[in-house]
$ cat target22.cif   # mmCIF, C-alpha atoms
data_protein
loop_
_atom_site.label_atom_id
_atom_site.label_comp_id
_atom_site.auth_asym_id
_atom_site.auth_seq_id
_atom_site.Cartn_x
_atom_site.Cartn_y
_atom_site.Cartn_z
CA MET A 1 87.42 145.15 4.68
CA MET A 2 86.29 143.21 1.63
CA ASN A 3 83.15 141.15 1.79
CA GLU A 4 82.97 137.47 0.92
CA THR A 5 81.59 137.97 -2.56
CA GLU A 6 84.40 140.32 -3.48
CA ILE A 7 86.96 137.94 -2.04
CA LEU A 8 85.52 135.07 -4.05
CA ARG A 9 85.74 137.09 -7.23
CA ILE A 10 89.42 137.80 -6.67
CA SER A 11 89.97 134.19 -5.66
CA ALA A 12 88.43 133.04 -8.92
CA ALA A 13 90.88 135.19 -10.84
CA VAL A 14 93.95 134.32 -8.77
CA ASP A 15 93.38 130.71 -7.71
CA ASP A 16 91.60 129.40 -10.78
CA ARG A 17 93.86 131.31 -13.15
CA THR A 18 90.73 132.55 -14.77
CA PRO A 19 91.84 134.64 -17.74
CA ARG A 20 90.73 138.18 -17.09
CA ASN A 21 89.54 138.50 -20.65
CA ASP A 22 87.18 135.58 -20.47
CA GLY A 23 84.04 137.61 -20.58
CA HIS A 24 83.25 137.73 -16.88
CA ALA A 25 82.39 141.37 -16.57
CA ALA A 26 81.85 141.03 -12.85
CA LEU A 27 85.33 139.63 -12.39
CA ASN A 28 86.92 142.50 -14.24
CA ASP A 29 84.78 144.87 -12.27
CA ALA A 30 86.01 143.41 -9.01
CA ALA A 31 89.59 143.65 -10.19
CA ASP A 32 89.05 147.30 -11.11
CA ARG A 33 87.59 148.23 -7.77
CA PHE A 34 90.12 146.27 -5.74
CA ALA A 35 93.16 146.60 -7.97
CA THR A 36 95.55 146.96 -5.08
CA GLU A 37 94.35 143.87 -3.25
CA PHE A 38 94.15 141.92 -6.47
CA SER A 39 97.74 142.88 -7.22
CA ARG A 40 98.92 141.80 -3.76
CA GLN A 41 97.11 138.48 -3.97
CA HIS A 42 98.46 137.81 -7.42
CA ALA A 43 102.00 138.65 -6.32
CA ALA A 44 101.78 136.41 -3.27
CA ASP A 45 100.35 133.60 -5.38
CA ALA A 46 103.18 133.81 -7.91
CA ALA A 47 105.92 134.04 -5.27
CA LEU A 48 104.58 131.19 -3.16
CA ARG A 49 104.25 129.04 -6.24
CA ALA A 50 107.81 129.82 -7.30
CA GLY A 51 109.32 129.22 -3.88
CA TRP A 52 107.59 126.15 -2.45
CA ALA A 53 110.44 123.83 -3.43
CA THR A 54 112.97 125.93 -1.52
CA ALA A 55 110.89 125.51 1.61
CA MET A 56 110.95 121.72 1.42
CA ALA A 57 113.11 119.97 4.01
CA PRO A 58 114.72 116.69 2.94
CA ALA A 59 113.00 113.69 4.46
CA PRO A 60 115.16 111.29 6.48
CA ALA A 61 116.66 108.64 4.21
CA SER A 62 115.48 105.89 6.52
CA LEU A 63 111.89 107.04 6.55
CA THR A 64 110.69 104.78 3.74
CA ASP A 65 112.30 101.69 5.26
CA ARG A 66 110.90 102.58 8.64
CA ILE A 67 107.38 102.85 7.24
CA ASP A 68 107.73 99.59 5.33
CA ALA A 69 108.87 97.84 8.50
CA ALA A 70 105.95 99.28 10.47
CA ILE A 71 103.48 98.12 7.85
CA SER A 72 104.96 94.62 7.85
CA ALA A 73 104.69 94.35 11.63
CA PRO A 74 101.53 92.70 13.00
CA ALA A 75 98.81 95.03 14.20
CA PRO A 76 98.83 95.62 17.95
CA ILE A 77 96.08 94.05 20.05
CA ALA A 78 93.23 96.47 20.49
CA ARG A 79 93.01 97.99 23.93
CA ILE A 80 89.80 97.39 25.86
CA HIS A 81 89.36 101.10 26.51
CA GLY A 82 90.40 102.01 23.02
CA GLY A 83 86.85 102.78 21.95
CA GLY A 84 85.11 101.79 18.75
CA LEU A 85 84.06 98.33 17.69
CA ALA A 86 87.19 96.62 19.05
CA GLY A 87 86.48 98.01 22.50
CA TRP A 88 82.90 96.75 22.50
CA ARG A 89 84.06 93.32 21.34
CA ALA A 90 86.59 93.17 24.14
CA TRP A 91 84.01 94.16 26.74
CA GLY A 92 81.59 91.58 25.34
CA GLY A 93 84.24 88.89 25.57
CA ALA A 94 85.05 89.84 29.12
CA LEU A 95 81.37 89.73 30.08
CA ALA A 96 80.90 86.30 28.47
CA ALA A 97 83.96 84.99 30.29
CA ALA A 98 82.65 86.34 33.61
CA VAL A 99 79.24 84.69 33.08
CA ALA A 100 80.85 81.36 32.17
CA LEU A 101 83.10 81.53 35.22
CA ALA A 102 80.19 82.34 37.51
CA ALA A 103 78.15 79.45 36.07
CA GLY A 104 81.05 77.05 36.54
CA VAL A 105 81.60 78.11 40.13
CA GLY A 106 77.86 77.76 40.82
CA ILE A 107 77.70 74.22 39.45
CA LEU A 108 80.79 73.23 41.38
CA ALA A 109 79.36 74.67 44.59
CA VAL A 110 76.10 72.74 44.18
CA ARG A 111 77.93 69.48 43.57
CA MET A 112 80.23 69.97 46.52
CA HIS A 113 77.26 70.79 48.71
CA THR A 114 75.51 67.59 47.59
CA VAL A 115 78.55 65.45 48.38
CA THR A 116 79.08 67.11 51.76
CA THR A 117 75.52 66.76 52.99
CA THR A 118 75.32 63.11 52.11
CA GLU A 119 78.75 62.22 53.37
CA SER A 120 77.59 60.19 56.36
CA GLY A 121 74.82 58.17 54.77
CA GLY A 122 74.13 58.41 51.08
CA LEU A 123 77.58 59.20 49.82
CA ALA A 124 77.91 56.23 47.57
CA ALA A 125 74.43 56.50 46.16
CA ASN A 126 74.80 60.16 45.27
CA ALA A 127 78.24 59.67 43.80
CA SER A 128 77.18 56.82 41.59
CA ALA A 129 74.23 58.86 40.43
CA ALA A 130 76.62 61.58 39.27
CA SER A 131 78.91 59.41 37.13
CA PRO A 132 80.64 56.02 37.25
CA LEU A 133 84.06 57.58 37.53
CA SER A 134 83.18 59.93 40.38
CA ALA A 135 81.51 56.97 42.09
CA ALA A 136 84.73 55.06 41.77
CA LEU A 137 86.68 57.95 43.24
CA VAL A 138 84.41 58.25 46.25
CA ASN A 139 83.44 54.66 46.82
CA LEU A 140 85.47 52.15 44.96
CA ASP A 141 83.25 49.27 45.94
CA ALA A 142 80.13 50.69 44.36
CA ARG A 143 80.55 49.52 40.80
CA PRO A 144 77.78 50.22 38.28
CA ASP A 145 77.01 48.04 35.33
CA PRO A 146 79.31 45.03 34.95
CA VAL A 147 79.34 45.59 31.18
CA LEU A 148 81.25 48.84 31.68
CA ARG A 149 83.83 47.30 33.96
CA ARG A 150 86.25 46.45 31.19
CA ILE A 151 86.24 50.07 30.07
CA GLU A 152 86.35 51.54 33.51
CA ASP A 153 88.77 49.18 35.16
CA PRO A 154 91.93 51.03 34.06
CA LEU A 155 90.41 54.33 35.16
CA VAL A 156 89.29 52.88 38.44
CA ALA A 157 92.74 51.42 39.05
CA GLU A 158 94.27 54.81 38.43
CA ALA A 159 91.74 56.41 40.76
CA GLU A 160 92.68 53.93 43.45
CA ARG A 161 96.33 54.77 43.08
CA LEU A 162 95.55 58.49 43.27
CA ARG A 163 93.50 57.99 46.37
CA GLU A 164 96.19 55.95 48.03
CA ASP A 165 98.86 58.50 47.19
CA THR A 166 96.70 61.26 48.55
CA ARG A 167 96.04 59.30 51.73
CA ARG A 168 99.74 58.68 52.35
CA ALA A 169 100.61 62.31 51.69
CA ALA A 170 97.86 63.50 54.01
CA GLU A 171 99.03 61.14 56.77
CA ARG A 172 102.57 62.42 56.41
CA VAL A 173 101.42 66.03 56.72
CA LEU A 174 99.07 65.30 59.59
CA ALA A 175 101.84 63.47 61.46
CA GLN A 176 103.70 66.76 61.74
CA LEU A 177 100.76 68.40 63.55
CA PRO A 178 100.78 68.53 67.38
CA VAL A 179 97.25 67.04 67.54
CA ARG A 180 96.04 63.61 66.61
CA VAL A 181 93.90 63.53 63.48
CA ALA A 182 92.51 60.37 61.96
CA TRP A 183 92.43 59.91 58.19
CA ARG A 184 89.30 58.22 57.04
CA MET B 1 122.73 114.06 11.48
CA THR B 2 120.64 111.51 9.69
CA ALA B 3 121.19 111.26 5.94
CA ARG B 4 118.32 112.86 4.12
CA THR B 5 116.90 112.68 0.66
CA PRO B 6 115.60 115.74 -1.13
CA ALA B 7 111.84 116.06 -1.29
CA THR B 8 110.22 116.75 -4.62
CA ARG B 9 106.70 116.88 -5.94
CA THR B 10 107.03 113.83 -8.12
CA ALA B 11 104.62 111.19 -9.27
CA PRO B 12 105.36 107.54 -8.54
CA SER B 13 107.74 105.96 -10.99
CA GLY B 14 106.46 104.65 -14.28
CA ASP B 15 103.86 107.43 -14.43
CA VAL B 16 101.42 105.25 -12.54
CA ALA B 17 98.88 107.42 -10.76
CA PRO B 18 98.71 107.09 -6.98
CA GLU B 19 95.04 106.13 -7.30
CA VAL B 20 95.98 103.18 -9.52
CA LEU B 21 98.67 102.08 -7.09
CA ALA B 22 96.23 102.44 -4.22
CA ALA B 23 93.71 100.25 -6.03
CA ARG B 24 96.41 97.61 -6.54
CA ALA B 25 97.38 97.87 -2.90
CA ALA B 26 93.75 97.39 -1.90
CA ALA B 27 93.78 94.19 -3.95
CA GLY B 28 96.73 92.97 -1.89
CA ASP B 29 99.69 94.23 -3.90
CA ARG B 30 102.14 95.15 -1.16
CA SER B 31 104.76 96.42 -3.60
CA ALA B 32 102.28 98.93 -5.00
CA TYR B 33 101.85 100.38 -1.55
CA SER B 34 105.61 100.49 -1.06
CA GLU B 35 105.79 102.53 -4.23
CA LEU B 36 103.24 104.95 -2.80
CA VAL B 37 105.28 105.21 0.39
CA ARG B 38 108.46 105.85 -1.55
CA SER B 39 106.99 108.59 -3.69
CA LEU B 40 104.71 110.34 -1.21
CA SER B 41 106.43 110.04 2.16
CA PRO B 42 108.84 112.99 1.62
CA ARG B 43 105.94 115.27 0.79
CA LEU B 44 103.79 114.06 3.64
CA PHE B 45 106.76 114.43 5.97
CA ASN B 46 107.17 118.06 4.93
CA PHE B 47 103.50 118.78 5.35
CA LEU B 48 103.51 117.33 8.85
CA LEU B 49 106.82 118.98 9.71
CA ARG B 50 105.28 122.33 8.86
CA ARG B 51 102.30 121.50 10.98
CA VAL B 52 104.00 120.22 14.15
CA GLY B 53 107.39 121.93 13.89
CA ASP B 54 109.46 118.97 15.05
CA ALA B 55 111.29 116.62 12.69
CA HIS B 56 111.10 113.56 14.93
CA GLU B 57 107.43 114.02 15.56
CA ALA B 58 106.84 114.59 11.87
CA GLU B 59 108.62 111.29 11.13
CA ASP B 60 106.46 109.46 13.65
CA LEU B 61 103.31 111.01 12.25
CA THR B 62 104.32 110.20 8.68
CA GLN B 63 104.86 106.58 9.63
CA GLU B 64 101.60 106.36 11.54
CA THR B 65 99.69 107.97 8.69
CA PHE B 66 100.94 105.42 6.19
CA VAL B 67 100.28 102.55 8.59
CA ARG B 68 96.71 103.69 9.16
CA ALA B 69 96.18 104.26 5.47
CA TRP B 70 97.46 100.75 4.75
CA ARG B 71 95.07 99.22 7.28
CA ALA B 72 92.18 101.14 5.77
CA ILE B 73 93.25 100.87 2.13
CA GLY B 74 90.20 98.72 1.41
CA THR B 75 87.96 101.69 2.15
CA PHE B 76 89.74 104.02 -0.28
CA ASP B 77 87.64 105.07 -3.25
CA PRO B 78 89.94 105.00 -6.33
CA THR B 79 87.78 107.60 -8.05
CA ARG B 80 88.98 110.11 -5.44
CA LYS B 81 92.44 111.58 -5.13
CA PHE B 82 94.74 109.42 -3.01
CA THR B 83 96.83 112.32 -1.72
CA THR B 84 93.69 114.05 -0.47
CA TRP B 85 92.75 110.94 1.49
CA LEU B 86 96.27 110.50 2.82
CA TYR B 87 96.63 114.12 3.89
CA THR B 88 93.27 114.01 5.60
CA ILE B 89 94.48 111.13 7.76
CA GLY B 90 97.80 112.87 8.41
CA LEU B 91 96.27 116.20 9.38
CA ARG B 92 93.80 114.59 11.77
CA LEU B 93 96.61 112.70 13.41
CA ALA B 94 98.70 115.86 13.72
CA VAL B 95 95.83 117.84 15.18
CA SER B 96 95.01 115.10 17.66
CA THR B 97 98.53 115.06 19.05
CA HIS B 98 98.17 118.55 20.57
CA ARG B 99 101.86 119.09 20.64
CA SER B 100 104.42 121.73 19.74
CA ARG B 101 103.21 124.83 17.99
CA ARG B 102 106.62 126.47 17.64
CA ARG B 103 106.54 125.72 13.96
CA GLY B 104 108.23 128.82 12.62
CA ARG B 105 111.53 128.59 14.45
CA LEU B 106 111.84 124.82 14.23
CA VAL B 107 110.98 124.63 10.57
CA LEU B 108 113.51 127.29 9.77
CA THR B 109 116.08 125.01 11.34
CA GLU B 110 114.93 122.25 9.04
CA MET B 111 115.08 124.62 6.10
CA GLU B 112 118.64 125.50 6.98
CA ARG B 113 119.49 121.81 7.00
CA ALA B 114 117.82 121.44 3.64
CA GLN B 115 119.87 124.27 2.25
CA ASP B 116 123.05 122.74 3.60
CA THR B 117 122.45 119.39 1.95
CA SER B 118 120.73 120.32 -1.29
CA ASN B 119 122.61 120.62 -4.54
CA ALA B 120 121.31 124.06 -5.31
CA GLU B 121 122.91 126.66 -3.09
CA PRO B 122 120.77 129.63 -2.16
CA ALA B 123 123.02 131.85 -4.24
CA GLU B 124 122.18 129.81 -7.33
CA ARG B 125 118.49 130.34 -6.93
CA THR B 126 116.61 132.55 -9.26
CA GLU B 127 115.17 135.78 -7.97
CA PRO B 128 111.61 134.41 -7.88
CA GLU B 129 112.84 131.39 -5.89
CA ARG B 130 114.72 133.59 -3.42
CA LEU B 131 111.67 135.74 -2.96
CA GLY B 132 109.44 132.72 -2.61
CA ALA B 133 111.75 131.30 0.03
CA GLN B 134 111.54 134.58 1.92
CA LEU B 135 107.78 134.55 1.78
CA TRP B 136 107.62 130.96 3.01
CA GLU B 137 109.91 131.88 5.86
CA ILE B 138 107.63 134.74 6.80
CA ALA B 139 104.63 132.44 6.48
CA GLY B 140 106.21 129.99 8.91
CA ARG B 141 106.72 132.78 11.38
CA GLU B 142 103.61 134.89 11.04
CA LEU B 143 100.68 132.72 10.00
CA THR B 144 98.58 130.48 12.17
CA ASP B 145 98.86 126.70 11.81
CA ASP B 146 95.64 126.54 9.85
CA GLN B 147 96.63 129.36 7.51
CA HIS B 148 100.00 127.81 6.90
CA THR B 149 98.42 124.44 6.25
CA LEU B 150 96.18 126.00 3.60
CA LEU B 151 99.10 127.62 1.83
CA TRP B 152 101.12 124.43 1.93
CA LEU B 153 98.33 122.30 0.53
CA ARG B 154 97.71 124.85 -2.17
CA TYR B 155 101.25 125.57 -3.35
CA ALA B 156 103.44 122.67 -2.25
CA GLU B 157 100.82 120.01 -2.87
CA ASP B 158 99.00 121.77 -5.67
CA LEU B 159 95.64 120.58 -4.38
CA SER B 160 92.43 122.04 -5.73
CA MET B 161 90.18 124.14 -3.53
CA ALA B 162 87.74 121.26 -3.21
CA ASP B 163 90.49 118.83 -2.19
CA ILE B 164 91.88 121.28 0.35
CA GLY B 165 88.36 121.58 1.73
CA THR B 166 88.20 117.81 2.11
CA VAL B 167 91.51 117.67 3.95
CA VAL B 168 90.76 120.48 6.40
CA GLY B 169 87.06 119.74 6.73
CA LYS B 170 85.77 123.03 5.35
CA SER B 171 83.65 124.09 2.40
CA GLU B 172 85.30 125.25 -0.79
CA VAL B 173 84.05 128.79 -0.22
CA ALA B 174 85.51 128.80 3.30
CA VAL B 175 88.83 127.60 1.91
CA ARG B 176 88.90 130.35 -0.70
CA VAL B 177 88.18 133.03 1.86
CA ALA B 178 90.71 131.62 4.35
CA LEU B 179 93.36 131.36 1.65
CA PHE B 180 92.72 134.96 0.65
CA ARG B 181 93.06 136.10 4.26
CA ALA B 182 96.26 134.10 4.68
CA ARG B 183 97.87 135.74 1.64
CA GLU B 184 96.63 139.12 2.80
CA LYS B 185 98.23 138.64 6.21
CA LEU B 186 101.38 137.31 4.59
CA MET B 187 101.77 140.36 2.36
CA ASP B 188 101.20 142.66 5.32
CA ALA B 189 103.96 140.86 7.20
CA ALA B 190 106.19 140.94 4.12
CA ALA B 191 105.68 144.69 3.85
CA ARG B 192 106.84 145.07 7.44
CA ASP B 193 109.96 143.13 6.45
CA GLY B 194 110.57 145.52 3.59
CA LEU B 195 109.05 143.38 0.86
CA ASP B 196 106.35 145.43 -0.74
CA ALA B 197 103.91 144.01 -3.22
CA ALA B 198 105.52 145.75 -6.17
CA ARG B 199 108.86 144.08 -5.51
CA VAL B 200 107.26 140.72 -4.91
CA ARG B 201 105.23 141.05 -8.06
CA ALA B 202 108.19 142.10 -10.17
CA ALA B 203 110.56 139.49 -8.80
CA SER B 204 108.12 136.63 -9.05
CA GLY B 205 107.24 137.37 -12.62
CA GLY B 206 103.77 138.17 -11.45
CA GLU B 207 103.27 141.27 -13.52
CA ILE B 208 99.59 141.45 -14.14
CA GLU B 209 97.56 142.96 -16.84
CA THR B 210 95.81 146.22 -16.37
CA THR B 211 92.09 146.11 -16.76
CA GLN B 212 92.36 148.21 -19.90
CA GLN B 213 94.40 145.43 -21.53
CA VAL B 214 91.92 142.86 -20.32
CA THR B 215 88.93 144.28 -22.03
CA THR B 216 90.44 145.32 -25.32
CA ASP B 217 93.56 143.41 -26.29
CA ARG B 218 92.37 139.84 -26.56
CA PRO B 219 89.43 138.02 -28.07
CA MET B 220 86.66 136.84 -25.81
CA THR B 221 86.77 133.20 -24.75
CA ALA B 222 84.28 130.87 -23.15
CA GLY B 223 83.72 131.22 -19.44
CA ARG B 224 84.46 128.52 -16.86
CA GLY B 225 80.99 128.13 -15.50
CA GLY B 226 81.05 130.39 -12.47
CA LEU B 227 83.34 132.45 -10.37
CA VAL B 228 83.59 130.12 -7.44
CA GLY B 229 83.51 126.74 -9.09
CA GLY B 230 86.03 125.17 -11.41
CA ALA B 231 88.90 124.81 -9.02
CA SER B 232 92.15 124.03 -10.75
#

$ encode --input "target22.cif" --output "structure tokens"
Amino acid sequence: MMNETEILRISAAVDDRTPRNDGHAALNDAADRFATEFSRQHAADAALRAGWATAMAPAPASLTDRIDAAISAPAPIARIHGGGLAGWRAWGGALAAAVALAAGVGILAVRMHTVTTTESGGLAANASAASPLSAALVNLDARPDPVLRRIEDPLVAEAERLREDTRRAAERVLAQLPVRVAWR
Amino acid sequence: MTARTPATRTAPSGDVAPEVLAARAAAGDRSAYSELVRSLSPRLFNFLLRRVGDAHEAEDLTQETFVRAWRAIGTFDPTRKFTTWLYTIGLRLAVSTHRSRRRGRLVLTEMERAQDTSNAEPAERTEPERLGAQLWEIAGRELTDDQHTLLWLRYAEDLSMADIGTVVGKSEVAVRVALFRAREKLMDAAARDGLDAARVRAASGGEIETTQQVTTDRPMTAGRGGLVGGAS
């Protein structure tokens, strides 16, 4: 078995086409001592070099077009579990969306709770404190500033219509129930 | 069977180096990249076919390699060799697929197809070509995937030792040693098939000088700066 140094000397002669008369005494020495292996390596090198083209299989004629089409196509959306930067971005986006959703649900819950607890007494006051439009939806008689009436009147009228439609629809549904329920 | 075009080791048309075309592609020139695809895809296909042993998979891998290279073309350093970069992507993709390793038999089928469709019939080949074809056939059958990859990059792609090292992720010294071992194993297998080194050497025109001729017949010339360095 040849050691690495000896292999590298033969490799230099065979693979680099180093002329064997170039003054490298060590190279010639290696070739002398391992003439048989050098000869085999040289023969294999020459034959492989001469025959590589015969070993080539023709590529499919459509391959180039297929690659061009694939390059022209838009890049696929990165998968969340695909790893790398795209994956982290996707997870970050999902986390931000979850936080925003939770915050929205929290705010909605607080508002609904406020409206519910004041339903019997301070409904109008609380609603008007929230916004003029929500006040109009809950208590149409509680109008805020008269200056805003001209702006709000169309919205208030629409709110009234919505409320009336909802009331009629609710009455129609409730009429189908076997118990008597009053719509307030 | 799908129509096929012969694969050759040719440069892109107009003698424009792949590195120049890659630089143009990086600047947004889509046609430059198409030219790279046209000129290099047959070679890359063959390399991957040898590696995975299945023509359809080799096609898929060739396509995916070019797509990935296109997406990353902005990171390509034009001072480096484009084929080295491309083959590095292709080999990593092929290795990561973990698929068929029945390369020898399947590639021989592809070689038979190539012989059927090429203009040059086997009978018209020169003796060195016939012998080379035999050796490549034995290589496909007897060598490991990694050994075969080394031989292919060296002889079919004509890559330097350093470039081969880049593609396979090894040092230049490791590549030289592995290449030596691959040829050694190949010649052992060839001998078992009745191809001894003397016949191979004679047929391939690889007659070498005796050491006596080396030291006396020619004038001394300048060295190449070391035995290991100076890859071709």

$ resolve_selection --input "target22.cif" --expression "the PyMOL selection byres ((chain A) within 8 of (chain B))" --output "ChimeraX atom specification"
/A:4,7-9,11-12,15-18,20-24,27-28,31-32,39-64,66-68,70-71

$ atom_distance --input "target22.cif" --atom1 "atom CA of Leu150 of chain B" --atom2 "atom CA of Ala189 of chain B"
17.2 Å

$ atom_distance --input "target22.cif" --atom1 "atom CA of Val95 of chain B" --atom2 "atom CA of Asp77 of chain B"
23.9 Å

$ atom_distance --input "target22.cif" --atom1 "atom CA of Gly169 of chain B" --atom2 "atom CA of Glu37 of chain A"
27.1 Å
